[in-house]
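Colleague: Here's a structure for you.
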Amino acid sequence: MPNAPGCKDASGPGSIPRAHSDLAEGGLFSALAAIAVASMAAIVKWGSHGFSSEFLVATRFGAGLLAFVAMGLVRRRPFLYRAAHPVRCSLVAASWVGGIFCCYFAIRFIPLTDAVLLVYTAPIFAPLLNWCCLKKTESPSVWLGIGLGFVGVVFVLRPGADVLQVHALIGLMSGLLFAIRLVINASLTGTESKETITFYSLGVGWLMGLGVLALTGVHVANWEHHLFPPQDWLRPWVVYPGVLLAVVALGALCMLQAWFTSAAYEHASVGEAGPFRYVGVVFAAFLDWLCWGQVPDLYSVLGFVFITTGGIWVITHEGRK
């Protein structure tokens, strides 16, 4: 896989080997981005029985756009960007919104760990989409990683289980939609800046979220009677003041995730930083235990092992011949 912008290529003649500290920083930022994703998922799970999925999606993108604009004003940089490929930028946003909506809906019914894990099937789906849509061939090593990943998916979906299987399939759809986003986003490399893609993703995403919210009759839900704290000991801390704080946190985490991801690729290539994303699944499991008292079962553990192994294998071997 080609190196990210700003990374030195240690394979070419006369090149200077990258310092271990540089790779460590790239891995750290990638892990922090994954932790931000897990944290946003936990906030959404906390509020999922008090707010509709469409309201949460609109709030998530609206808060992120507000944070993006505020950061542009503080840094005295423009926050309105003209895209050379507005249709593709909008498709990136649409696939992102769809993936987040599926994830947020699934989080209502399946463990946080499983939902985050299914999101991280995107690197496994991406080579399949490249092969189906772009006729891009991959090495046998990549197909081995894809196979391992889908063995893990089988464990997470628990074939033959009750209605939770359907909700897990919706969670899996989030991974597919995020893979579509990865493929389209890769086609914009070198033609659109990170700021332009971020602006389109947040702006179009917010408008789509508002559109869905309007089509459903602005369904927000009666949170004063239905919003519940994860455990009794959290009750004084998270019920009423937590609603406002959750909106602020979603916006901040949305911006931090994008910043951490960009910082990761400034220090390491996609293949080097990618495996550290799976730290987010471990962090999600920790939040599941801390806030909801839920310990991952054997199926989730096996799914984590296979999906993580397959995903890391694909990330580190994609593009090699």
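Within each chain, counting starts at residue 1; across the structure tokens, chains are named A, B, ... in the order shown, with ligands numbered 1 upward in that order.
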I'd like the contact shell of Val282 of chain A - 12 Å cut-off, only C-alpha atoms, skipping same-chain residues fewer than 4 positions apart - returned as a ChimeraX atom specification.

Modeller: /A:31,34-35,37-39,112-114,116-117,276-278,286-289,295-296,300-301,304-305,308

Colleague: Phe109 of chain A: which residues within 10 Å, counting only C-alpha atoms, same-chain residues fewer than 5 positions away excluded, as a PyMOL selection string?

Modeller: chain A and resi 45+48+104+115+163-168+171

Colleague: Please produce an output containing N, CA and C atoms for each residue in the selection, written as a PDB file, in the first residue's frame.

Modeller:
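Output (selection-v4.pdb):
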```pdb
ATOM      1  N   LYS A  45     -25.076   4.960  22.478  1.00  0.00           N
ATOM      2  CA  LYS A  45     -25.760   3.831  23.128  1.00  0.00           C
ATOM      3  C   LYS A  45     -26.455   4.303  24.409  1.00  0.00           C
ATOM      4  N   SER A  48     -29.567   6.074  23.279  1.00  0.00           N
ATOM      5  CA  SER A  48     -30.343   5.459  22.209  1.00  0.00           C
ATOM      6  C   SER A  48     -31.789   5.155  22.588  1.00  0.00           C
ATOM      7  N   TYR A 104     -25.604   3.211  14.662  1.00  0.00           N
ATOM      8  CA  TYR A 104     -26.352   3.757  15.783  1.00  0.00           C
ATOM      9  C   TYR A 104     -27.640   2.965  16.038  1.00  0.00           C
ATOM     10  N   ALA A 115     -20.952  -3.977  17.999  1.00  0.00           N
ATOM     11  CA  ALA A 115     -21.271  -2.914  17.047  1.00  0.00           C
ATOM     12  C   ALA A 115     -20.001  -2.256  16.518  1.00  0.00           C
ATOM     13  N   VAL A 163     -33.686 -12.704  17.374  1.00  0.00           N
ATOM     14  CA  VAL A 163     -33.805 -11.509  16.549  1.00  0.00           C
ATOM     15  C   VAL A 163     -32.542 -10.647  16.562  1.00  0.00           C
ATOM     16  N   LEU A 164     -31.663 -10.841  17.537  1.00  0.00           N
ATOM     17  CA  LEU A 164     -30.430 -10.064  17.577  1.00  0.00           C
ATOM     18  C   LEU A 164     -29.592 -10.287  16.315  1.00  0.00           C
ATOM     19  N   GLN A 165     -29.807 -11.429  15.659  1.00  0.00           N
ATOM     20  CA  GLN A 165     -29.073 -11.702  14.436  1.00  0.00           C
ATOM     21  C   GLN A 165     -29.380 -10.634  13.379  1.00  0.00           C
ATOM     22  N   VAL A 166     -30.645 -10.237  13.278  1.00  0.00           N
ATOM     23  CA  VAL A 166     -31.038  -9.211  12.303  1.00  0.00           C
ATOM     24  C   VAL A 166     -30.354  -7.886  12.624  1.00  0.00           C
ATOM     25  N   HIS A 167     -30.318  -7.515  13.885  1.00  0.00           N
ATOM     26  CA  HIS A 167     -29.693  -6.266  14.284  1.00  0.00           C
ATOM     27  C   HIS A 167     -28.191  -6.313  14.040  1.00  0.00           C
ATOM     28  N   ALA A 168     -27.589  -7.486  14.211  1.00  0.00           N
ATOM     29  CA  ALA A 168     -26.163  -7.614  13.909  1.00  0.00           C
ATOM     30  C   ALA A 168     -25.913  -7.465  12.415  1.00  0.00           C
ATOM     31  N   GLY A 171     -25.737  -3.937  11.748  1.00  0.00           N
ATOM     32  CA  GLY A 171     -24.418  -3.463  12.151  1.00  0.00           C
ATOM     33  C   GLY A 171     -23.358  -3.796  11.119  1.00  0.00           C
TER      34      GLY A 171
END
```

Colleague: Tell me which of A:Leu118, A:Val151, A:Val92, A:Val142 sits closest to Leu172 of chain A, counting only C-alpha atoms.

Modeller: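 For Leu172 of chain A, the nearest of the given residues is A:Leu118.
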
Colleague: Work out how far atom CA of Ala36 of chain A is from atom CA of Tyr81 of chain A, in Å to one decimal.

Modeller: 25.4 Å

Colleague: Please list as a list in words every residue within 9 Å of Tyr299 of chain A, counting only C-alpha atoms and excluding residues in the same chain fewer than 4 positions away.

Modeller: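 Selected residues are Gly152, Phe155, Val156, Leu157, Arg158, Gly303 and Phe304 of chain A.
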
Colleague: Go ahead and write the residues just picked, N, CA and C atoms, as a PDB file, in the first residue's frame.

Modeller:
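Saved as part35.pdb:
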```pdb
ATOM      1  N   GLY A 152     -14.708 -14.427  11.464  1.00  0.00           N
ATOM      2  CA  GLY A 152     -15.055 -13.659  12.660  1.00  0.00           C
ATOM      3  C   GLY A 152     -16.442 -13.059  12.582  1.00  0.00           C
ATOM      4  N   PHE A 155     -19.023 -15.524  13.679  1.00  0.00           N
ATOM      5  CA  PHE A 155     -19.105 -15.635  15.140  1.00  0.00           C
ATOM      6  C   PHE A 155     -19.922 -14.490  15.741  1.00  0.00           C
ATOM      7  N   VAL A 156     -19.711 -13.280  15.233  1.00  0.00           N
ATOM      8  CA  VAL A 156     -20.435 -12.124  15.774  1.00  0.00           C
ATOM      9  C   VAL A 156     -21.917 -12.200  15.429  1.00  0.00           C
ATOM     10  N   LEU A 157     -22.248 -12.660  14.209  1.00  0.00           N
ATOM     11  CA  LEU A 157     -23.651 -12.737  13.796  1.00  0.00           C
ATOM     12  C   LEU A 157     -24.397 -13.868  14.496  1.00  0.00           C
ATOM     13  N   ARG A 158     -23.680 -14.879  14.982  1.00  0.00           N
ATOM     14  CA  ARG A 158     -24.292 -15.984  15.720  1.00  0.00           C
ATOM     15  C   ARG A 158     -25.434 -16.630  14.921  1.00  0.00           C
ATOM     16  N   GLY A 303     -14.935 -13.663  17.529  1.00  0.00           N
ATOM     17  CA  GLY A 303     -15.131 -12.734  16.430  1.00  0.00           C
ATOM     18  C   GLY A 303     -14.073 -11.664  16.404  1.00  0.00           C
ATOM     19  N   PHE A 304     -13.724 -11.144  17.585  1.00  0.00           N
ATOM     20  CA  PHE A 304     -12.678 -10.125  17.676  1.00  0.00           C
ATOM     21  C   PHE A 304     -11.346 -10.666  17.170  1.00  0.00           C
TER      22      PHE A 304
END
```

Colleague: Using only C-alpha atoms, determine which residues lie at most 9 Å from segment 126-132 of chain A, disregarding the query and same-chain residues fewer than 2 positions distant; provide the list as a list in words.

Modeller: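 The contact residues come out as Thr121, Ala122, Pro123, Ile124, Leu134, Lys135, Lys136, Thr137, Glu138, Val142, Trp143, Ile146, Leu176, Phe178, Ala179, Ile180, Arg181, Leu182, Val183, Val314 and Glu318 of chain A.
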
Colleague: Rounded to one decimal in Å, what is the spacing between atom CA of His267 of chain A and atom CA of Gly26 of chain A?

Modeller: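 Straight-line distance from atom CA of His267 of chain A to atom CA of Gly26 of chain A works out to 4.7 Å.
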
Colleague: Counting only C-alpha atoms, give me one row per residue of segment 21-57 of chain A with an atom at most 12 Å from an atom of segment 61-78 of chain A, showing the shortest contact pair and its distance in Å to one decimal, sorted by chain then residue number, as a Markdown table.

Modeller:
```
| residue | atom | partner | partner_atom | distance |
| --- | --- | --- | --- | --- |
| A:Met40 | CA | A:Gly64 | CA | 11.5 |
| A:Glu54 | CA | A:Phe61 | CA | 10.9 |
| A:Phe55 | CA | A:Phe61 | CA | 10.1 |
| A:Leu56 | CA | A:Phe61 | CA | 8.7 |
| A:Val57 | CA | A:Phe61 | CA | 6.3 |
```

Colleague: So, with only C-alpha atoms as the atoms that count, which of A:Ser139, A:Thr316, A:Gln294, A:Ser201 lies closest to Ser269 of chain A?

Modeller: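 The answer is A:Thr316, which sits nearest to Ser269 of chain A.
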
Colleague: Give the helix (DSSP H, G or I) residues of segment 38-277 of chain A, as DSSP finds them on the backbone, and put them as an MDAnalysis selection string.

Modeller: chainID A and resid 38:47 53:74 86:107 112:119 122:134 140:157 164:187 194:215 223:226 232:238 241:267 270:277

Colleague: Grab the atom CA of Leu253 of chain A to atom CA of Ile312 of chain A distance for me, in Å with one decimal place.

Modeller: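 Computing the Euclidean distance for atom CA of Leu253 of chain A and atom CA of Ile312 of chain A yields 24.4 Å.
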
Colleague: Residues within 12 Å of Thr189 of chain A, please, as a list in words. Count only C-alpha atoms; anything in the same chain fewer than 2 positions from it doesn't count.

Modeller: Pro2, Asn3, Ala4, Pro5, Ala84, His85, Arg88, Cys89, Leu182, Val183, Ile184, Asn185, Ala186, Ser187, Thr191, Glu192, Ser193, Lys194, Thr196 and Ile197 of chain A

Colleague: A:Leu302, A:Val279, A:Ile170, A:Cys133: which is nearest Phe105 of chain A, counting only C-alpha atoms?

Modeller: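 Using only C-alpha atoms, the shortest distance to Phe105 of chain A belongs to A:Ile170.
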
Colleague: Pick the closest to Ile307 of chain A from A:Gly274, A:Pro86, A:Pro111, A:Gly145: which is it, counting only C-alpha atoms?

Modeller: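 Ranking A:Gly274, A:Pro86, A:Pro111, A:Gly145 by distance to Ile307 of chain A, first place goes to A:Gly145.
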
Colleague: Counting only C-alpha atoms, which residue out of A:Pro140, A:Gly205, A:Gly99, A:Gly27 sits closest to Ala264 of chain A?

Modeller: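 Nearest to Ala264 of chain A: A:Gly27.
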